[in-house]
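Visitor: Dropping in final_25.txt, with compact mmCIF, C-alpha atoms.
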# COMPACT_ATOMS: atom_id res chain seq x y z
CA MET A 1 -23.41 -13.69 -61.31
CA LYS A 2 -26.33 -13.94 -63.68
CA ARG A 3 -28.86 -11.13 -63.42
CA SER A 4 -31.57 -13.76 -62.97
CA GLU A 5 -29.70 -15.05 -59.88
CA ILE A 6 -29.47 -11.52 -58.48
CA ASN A 7 -33.20 -11.07 -59.12
CA ARG A 8 -34.02 -14.27 -57.23
CA ALA A 9 -31.84 -13.20 -54.30
CA ILE A 10 -33.53 -9.79 -54.09
CA GLY A 11 -36.97 -11.38 -54.42
CA HIS A 12 -36.17 -13.72 -51.53
CA ALA A 13 -34.91 -10.77 -49.46
CA LEU A 14 -38.10 -8.79 -50.15
CA ASP A 15 -40.20 -11.79 -49.11
CA MET A 16 -38.22 -12.12 -45.89
CA LEU A 17 -38.56 -8.42 -45.09
CA ARG A 18 -42.33 -8.56 -45.65
CA CYS A 19 -42.57 -11.70 -43.51
CA HIS A 20 -40.89 -9.94 -40.59
CA GLY A 21 -42.66 -6.61 -40.99
CA TRP A 22 -39.84 -4.49 -42.41
CA SER A 23 -40.61 -1.68 -44.86
CA LEU A 24 -38.05 0.02 -47.10
CA PRO A 25 -37.81 3.65 -48.30
CA ALA A 26 -39.81 4.82 -51.33
CA TRP A 27 -36.67 4.89 -53.51
CA GLU A 28 -36.02 1.18 -52.85
CA GLY A 29 -37.56 0.15 -56.17
CA TRP A 30 -36.46 3.07 -58.32
CA MET A 31 -35.06 2.05 -61.68
CA ALA A 32 -33.40 4.09 -64.44
CA ALA A 33 -36.52 6.10 -65.33
CA GLU A 34 -37.26 7.22 -61.74
CA LEU A 35 -33.60 8.01 -61.10
CA ALA A 36 -33.39 10.08 -64.29
CA GLU A 37 -36.53 12.00 -63.25
CA ASN A 38 -34.99 12.75 -59.83
CA PRO A 39 -31.31 13.52 -60.59
CA GLU A 40 -30.56 15.29 -57.29
CA VAL A 41 -31.94 12.41 -55.23
CA ALA A 42 -30.17 9.91 -57.51
CA ALA A 43 -26.83 11.66 -56.96
CA TRP A 44 -27.46 11.83 -53.21
CA LEU A 45 -28.18 8.10 -53.05
CA ALA A 46 -25.18 7.15 -55.19
CA ALA A 47 -22.72 9.27 -53.21
CA ARG A 48 -23.79 7.55 -49.99
CA GLN A 49 -23.86 4.01 -51.46
CA LEU A 50 -27.54 3.61 -50.57
CA GLY A 51 -29.71 0.81 -51.90
CA TRP A 52 -29.33 -2.81 -52.99
CA ASP A 53 -26.06 -4.74 -53.09
CA VAL A 54 -25.87 -8.41 -54.12
CA THR A 55 -22.52 -10.19 -54.39
CA ASP A 56 -21.00 -13.64 -54.70
CA PHE A 57 -17.54 -12.25 -53.82
CA GLY A 58 -16.29 -13.62 -57.13
CA SER A 59 -16.96 -17.19 -55.99
CA GLY A 60 -19.40 -18.13 -58.74
CA GLN A 61 -21.32 -19.99 -55.99
CA PHE A 62 -23.69 -17.46 -54.46
CA GLU A 63 -25.59 -19.89 -52.24
CA GLN A 64 -22.33 -21.02 -50.62
CA CYS A 65 -20.47 -17.68 -50.62
CA GLY A 66 -22.49 -14.52 -51.07
CA LEU A 67 -24.60 -11.84 -49.45
CA VAL A 68 -27.62 -9.59 -50.04
CA LEU A 69 -27.49 -6.13 -48.47
CA PHE A 70 -29.66 -3.01 -48.42
CA CYS A 71 -28.08 0.21 -47.15
CA LEU A 72 -30.80 2.34 -45.56
CA ARG A 73 -28.77 5.32 -44.38
CA ASN A 74 -25.17 6.48 -44.57
CA GLY A 75 -23.06 9.61 -44.49
CA LEU A 76 -19.91 11.11 -45.98
CA VAL A 77 -16.74 11.16 -43.90
CA GLY A 78 -15.56 14.62 -42.85
CA VAL A 79 -18.47 16.55 -44.40
CA ALA A 80 -20.19 18.98 -42.02
CA GLY A 81 -23.82 18.16 -41.36
CA GLU A 82 -23.53 14.63 -42.73
CA ARG A 83 -24.54 11.53 -40.82
CA THR A 84 -21.69 10.01 -38.84
CA TYR A 85 -23.40 6.60 -38.88
CA ALA A 86 -24.84 4.00 -41.24
CA GLU A 87 -27.50 1.29 -41.17
CA LYS A 88 -27.90 -1.81 -43.34
CA LEU A 89 -30.09 -4.86 -43.59
CA LEU A 90 -28.46 -8.14 -44.65
CA VAL A 91 -29.99 -11.45 -45.67
CA VAL A 92 -27.67 -14.37 -44.88
CA GLY A 93 -28.56 -17.83 -46.13
CA GLU A 94 -28.10 -21.13 -44.32
CA GLY A 95 -24.39 -21.95 -44.60
CA GLN A 96 -23.86 -18.92 -46.86
CA LEU A 97 -20.45 -17.46 -46.04
CA THR A 98 -19.36 -13.85 -46.05
CA PRO A 99 -15.55 -14.21 -46.32
CA THR A 100 -13.07 -13.09 -43.68
CA HIS A 101 -12.52 -9.33 -43.69
CA ARG A 102 -11.82 -6.37 -41.46
CA HIS A 103 -12.44 -2.62 -41.53
CA ALA A 104 -9.81 0.03 -40.89
CA ALA A 105 -12.25 2.88 -40.22
CA LYS A 106 -15.60 1.35 -39.27
CA MET A 107 -16.80 -0.03 -35.95
CA GLU A 108 -20.11 -1.86 -36.25
CA ASP A 109 -22.83 -3.67 -34.38
CA ILE A 110 -24.13 -6.83 -36.05
CA ILE A 111 -27.67 -7.69 -34.89
CA ASN A 112 -29.67 -10.84 -35.54
CA ARG A 113 -33.02 -9.26 -36.32
CA ALA A 114 -35.02 -12.39 -37.17
CA GLY A 115 -34.95 -15.84 -38.73
CA GLY A 116 -32.29 -18.43 -37.97
CA ASP A 117 -29.07 -18.24 -35.96
CA LEU A 118 -26.10 -16.22 -37.20
CA VAL A 119 -22.61 -17.64 -36.64
CA ILE A 120 -19.66 -15.22 -36.52
CA GLU A 121 -15.99 -16.15 -36.19
CA PHE A 122 -13.27 -13.64 -35.25
CA CYS A 123 -9.51 -13.23 -35.39
CA ALA A 124 -7.41 -10.31 -34.16
CA SER A 125 -4.97 -8.57 -36.50
CA ASP A 126 -1.59 -6.94 -35.88
CA GLU A 127 -0.39 -3.49 -37.00
CA ASN A 128 0.25 -4.90 -40.49
CA GLY A 129 -3.22 -6.41 -40.81
CA MET A 130 -1.99 -9.97 -40.32
CA PRO A 131 -4.01 -12.49 -38.23
CA THR A 132 -2.72 -13.24 -34.73
CA SER A 133 -3.22 -16.12 -32.30
CA ALA A 134 -4.45 -13.85 -29.49
CA ASP A 135 -7.76 -14.45 -27.78
CA ILE A 136 -10.51 -11.92 -28.49
CA GLU A 137 -13.03 -10.18 -26.27
CA VAL A 138 -16.19 -8.86 -27.92
CA PRO A 139 -19.27 -7.27 -26.33
CA VAL A 140 -22.39 -9.38 -26.89
CA ASP A 141 -25.34 -7.11 -26.06
CA GLY A 142 -22.82 -5.13 -24.00
CA LEU A 143 -21.56 -8.11 -21.98
CA PRO A 144 -17.93 -9.18 -22.60
CA ARG A 145 -17.43 -12.56 -24.29
CA ARG A 146 -13.94 -14.07 -24.53
CA LEU A 147 -13.22 -16.22 -27.58
CA HIS A 148 -10.33 -18.10 -29.12
CA PRO A 149 -9.41 -17.20 -32.72
CA TRP A 150 -12.09 -18.51 -35.11
CA GLU A 151 -14.22 -19.84 -32.24
CA PRO A 152 -17.86 -19.67 -33.41
CA LEU A 153 -20.09 -17.13 -31.71
CA VAL A 154 -23.79 -17.91 -32.23
CA LEU A 155 -26.19 -14.97 -32.27
CA ARG A 156 -29.82 -15.92 -31.84
CA PRO A 157 -32.64 -13.58 -32.91
CA GLY A 158 -32.44 -10.38 -30.87
CA GLU A 159 -28.76 -10.78 -29.96
CA SER A 160 -25.96 -8.52 -31.18
CA VAL A 161 -22.18 -8.15 -31.12
CA THR A 162 -19.94 -5.10 -31.43
CA ILE A 163 -17.02 -5.50 -33.85
CA ARG A 164 -14.18 -3.04 -33.35
CA THR A 165 -12.03 -1.76 -36.19
CA GLY A 166 -9.24 -4.09 -37.30
CA LEU A 167 -10.93 -7.26 -36.06
CA TYR A 168 -11.22 -9.95 -38.74
CA HIS A 169 -14.64 -11.57 -38.96
CA ARG A 170 -16.62 -13.94 -41.16
CA PHE A 171 -20.21 -15.08 -40.78
CA TYR A 172 -22.86 -17.45 -42.06
CA GLY A 173 -26.32 -18.76 -41.21
CA ARG A 174 -26.28 -21.85 -39.01
CA LYS A 175 -27.38 -24.98 -40.83
CA GLY A 176 -30.91 -26.12 -40.10
CA GLY A 177 -32.26 -22.74 -39.02
CA GLY A 178 -33.10 -21.04 -42.30
CA ALA A 179 -32.05 -17.64 -43.59
CA VAL A 180 -31.14 -14.86 -41.15
CA LEU A 181 -32.27 -11.23 -41.32
CA VAL A 182 -29.31 -9.26 -39.99
CA GLY A 183 -29.01 -5.60 -39.04
CA GLU A 184 -25.81 -3.60 -39.18
CA VAL A 185 -25.44 -0.29 -37.34
CA SER A 186 -22.04 1.31 -37.77
CA GLN A 187 -19.91 4.35 -38.31
CA VAL A 188 -20.02 5.72 -41.87
CA ASN A 189 -19.73 2.85 -44.33
CA ASP A 190 -17.50 2.81 -47.44
CA ASP A 191 -17.73 -0.48 -49.31
CA ARG A 192 -15.31 0.70 -51.99
CA ASN A 193 -12.40 1.50 -49.68
CA ASP A 194 -12.89 0.03 -46.19
CA ASN A 195 -13.19 -3.73 -46.78
CA PHE A 196 -9.91 -5.61 -46.30
CA PHE A 197 -10.31 -9.29 -47.07
CA LEU A 198 -7.92 -11.90 -45.72
CA ASP A 199 -7.96 -13.71 -49.07
CA PRO A 200 -8.47 -12.05 -52.45
CA VAL A 201 -12.15 -11.76 -53.42
CA GLY A 202 -14.28 -9.73 -55.79
CA ARG A 203 -16.32 -7.41 -53.57
CA PHE A 204 -18.83 -6.58 -56.33
CA ALA A 205 -20.34 -9.17 -58.65
CA GLN A 206 -19.53 -9.33 -62.35
CA ILE A 207 -23.00 -9.47 -63.88
CA GLU A 208 -24.10 -11.55 -66.84
CA GLU A 209 -27.23 -9.93 -68.26
CA ASP A 210 -29.54 -12.88 -68.89
CA ALA A 211 -32.74 -11.15 -67.65
CA PRO A 212 -34.09 -7.62 -67.04
CA PRO A 213 -33.11 -6.33 -63.59
CA LEU A 214 -35.67 -6.56 -60.79
CA ARG A 215 -33.83 -3.81 -58.88
CA ARG A 216 -30.86 -1.57 -59.57
CA LEU A 217 -27.72 -2.15 -57.47
CA TRP A 218 -26.17 0.94 -55.92
CA ASN A 219 -22.73 0.28 -57.48
CA GLU A 220 -24.06 0.10 -61.05
CA GLY A 221 -23.59 3.82 -61.57
CA ALA A 222 -25.80 6.60 -62.82
CA PRO A 223 -28.70 5.72 -65.13
Rewrite the structure of this file - the entire thing - as structure tokens.
Guide:
Amino acid sequence: MKRSEINRAIGHALDMLRCHGWSLPAWEGWMAAELAENPEVAAWLAARQLGWDVTDFGSGQFEQCGLVLFCLRNGLVGVAGERTYAEKLLVVGEGQLTPTHRHAAKMEDIINRAGGDLVIEFCASDENGMPTSADIEVPVDGLPRRLHPWEPLVLRPGESVTIRTGLYHRFYGRKGGGAVLVGEVSQVNDDRNDNFFLDPVGRFAQIEEDAPPLRRLWNEGAP
């Protein structure tokens, strides 16, 4: 992805958050200088994968296949006193796909916070991580919903679904409804080691530096 494209995506996400009354932590806009001045906080944020994340999953077509995320809180697995949970905000564009993936360690709730409708499709996996033809039951706001493999589940603003570990899922904004502001509440999140995609993708964008960064991405390393 070009840095200018990442900047536009973050700018759009910030506009959407302001529109719907969401505020981010003070360190949201920290760049290299602020991180260097606060090395302990910078190390704390980096270890927990907190902050901005923009990816096109290696597609080269961000508007069709991509995602903007902001990780608000997270912990470290197995460390005493650490959070055992995580929270993210996601901005999903109309028709913008997040490819099929599952998590081996993380159970999560996906919540349509505001905007358009979010469409999620599911498929069960076997003990080897391969898709199966079995029907799926997922809790939608706590009420069981039975679905066929890849049957679309539409979440309107305010609705949520619980996704258990091992369950393949992919999602996108429904056409005609605009971008979707999505919340994710989960067990501890590890984007380096707990994303298992059905087809090979690049989880983090390869960046072409054609403009100064508007925001630093959490996976870009120490300043």
Visitor: Mind listing whatever residues come within 12 Å of the point (-32.4, -13.6, -54.3)? Use all atoms listed in the file, file coordinates, and give them as a PyMOL selection string.
Guide: chain A and resi 1-16+52-56+62-63+66-69+90-93+179+213-215
Visitor: Around stretch 78-82 of chain A, fit a box with edges along x, y and z, padding it by 6 Å on each side, then list its centre and edge lengths in Å to one decimal as JSON.
Guide:
{"center_x": -19.7, "center_y": 16.8, "center_z": -42.9, "size_x": 20.3, "size_y": 16.4, "size_z": 15.0}
Visitor: Determine, counting all atoms listed in the file, which protein, DNA and RNA residues have an atom within 8 Å of an atom of A:Ala114; residues of the same chain fewer than 3 positions away are not included. Present the result as a PyMOL selection string.
Guide: chain A and resi 20+157-158+180-182
Visitor: In file coordinates, which residues lie within 12 Å of (-12.0, -4.9, -57.6) using only C-alpha atoms, given as a list in words?
Guide: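 Residues lying no farther than 12 Å from the given point: Phe57, Gly58, Asp191, Arg192, Asn193, Asn195, Phe196, Phe197, Pro200, Val201, Gly202, Arg203, Phe204, Ala205, Gln206 and Asn219 of chain A.
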Visitor: Leaving out A:Thr98 and any residue of its chain fewer than 2 positions from it, which residues lie within 7 Å of it when counting all atoms listed in the file, given as a tab-separated table (two decimals) with C-alpha atoms, in the coordinates of the input?
Guide:
chain	number	residue	atom	x	y	z
A	65	CYS	CA	-20.47	-17.68	-50.62
A	66	GLY	CA	-22.49	-14.52	-51.07
A	67	LEU	CA	-24.60	-11.84	-49.45
A	96	GLN	CA	-23.86	-18.92	-46.86
A	100	THR	CA	-13.07	-13.09	-43.68
A	170	ARG	CA	-16.62	-13.94	-41.16
A	171	PHE	CA	-20.21	-15.08	-40.78
A	172	TYR	CA	-22.86	-17.45	-42.06
Visitor: Ranking A:Ala43, A:Ala32, A:Cys123, A:Ile163 by minimum distance to A:Asp135 and counting all atoms listed in the file, which one comes first?
Guide: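 Counting all atoms listed in the file, the residue closest to A:Asp135 is A:Cys123.
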Visitor: Hey, which of A:Val188, A:Leu217, A:Ala124, A:Ile136 ends up closest to A:Leu76? Count all atoms listed in the file.
Guide: A:Val188
Visitor: Which residues are near A:Val161? Cut-off 12 Å, only C-alpha atoms, ignore same chain within fewer than 4 positions. Put them as JSON, numbers by chain.
Guide: {"A": [107, 108, 109, 110, 111, 112, 118, 119, 120, 121, 122, 137, 138, 139, 140, 141, 142, 143, 144, 145, 153, 154, 155, 156, 157, 169, 182, 183, 184, 185, 186]}
Visitor: Using only C-alpha atoms for the distances, tell me which of A:Gly173, A:Gly75, A:Pro99, A:Pro39 is nearest to A:Gly116.
Guide: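 When distances to A:Gly116 are compared using only C-alpha atoms, the smallest one comes from A:Gly173.
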Visitor: Rounded to one decimal place, report the atom CA of A:Leu24-atom CA of A:Ala105 distance in Å.
Guide: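 Atom CA of A:Ala105 lies at a distance of 26.9 Å from atom CA of A:Leu24.
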Visitor: Identify, on the basis of all atoms listed in the file, every residue whose closest approach to A:Glu82 does not exceed 12 Å; exclude the query and any residue fewer than 3 positions from it along the same chain; express the result as a CSV table (one decimal) with C-alpha atoms, keeping the file's coordinate frame.
Guide:
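Below you can see around-v4.csv, which holds the result:
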chain,number,residue,atom,x,y,z
A,44,TRP,CA,-27.5,11.8,-53.2
A,47,ALA,CA,-22.7,9.3,-53.2
A,48,ARG,CA,-23.8,7.6,-50.0
A,73,ARG,CA,-28.8,5.3,-44.4
A,74,ASN,CA,-25.2,6.5,-44.6
A,75,GLY,CA,-23.1,9.6,-44.5
A,76,LEU,CA,-19.9,11.1,-46.0
A,77,VAL,CA,-16.7,11.2,-43.9
A,78,GLY,CA,-15.6,14.6,-42.8
A,79,VAL,CA,-18.5,16.6,-44.4
A,85,TYR,CA,-23.4,6.6,-38.9
A,86,ALA,CA,-24.8,4.0,-41.2
A,187,GLN,CA,-19.9,4.4,-38.3
A,188,VAL,CA,-20.0,5.7,-41.9
Visitor: If you measure from atom CA of A:Arg102 to atom CA of A:Asp190, what distance in Å do you get, rounded to one decimal?
Guide: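 Straight-line distance from atom CA of A:Arg102 to atom CA of A:Asp190 works out to 12.3 Å.
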Visitor: How many Å separate atom CA of A:Gly115 from atom CA of A:Ile207?
Guide: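 Computing it gives 28.6 Å between the two atoms.
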Visitor: Which of these residues is nearest to A:Gly60, using all atoms listed in the file: A:Glu208, A:Ala46, A:Asn38, A:Cys19?
Guide: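 Residue with the minimum atom-to-atom distance to A:Gly60: A:Glu208.
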Visitor: With distances taken over all atoms listed in the file, which residue among A:Ala36, A:Leu198, A:Met31, A:Cys71 lies nearest A:Leu50?
Guide: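 Looking at the shortest contact to A:Leu50, the residue is A:Cys71.
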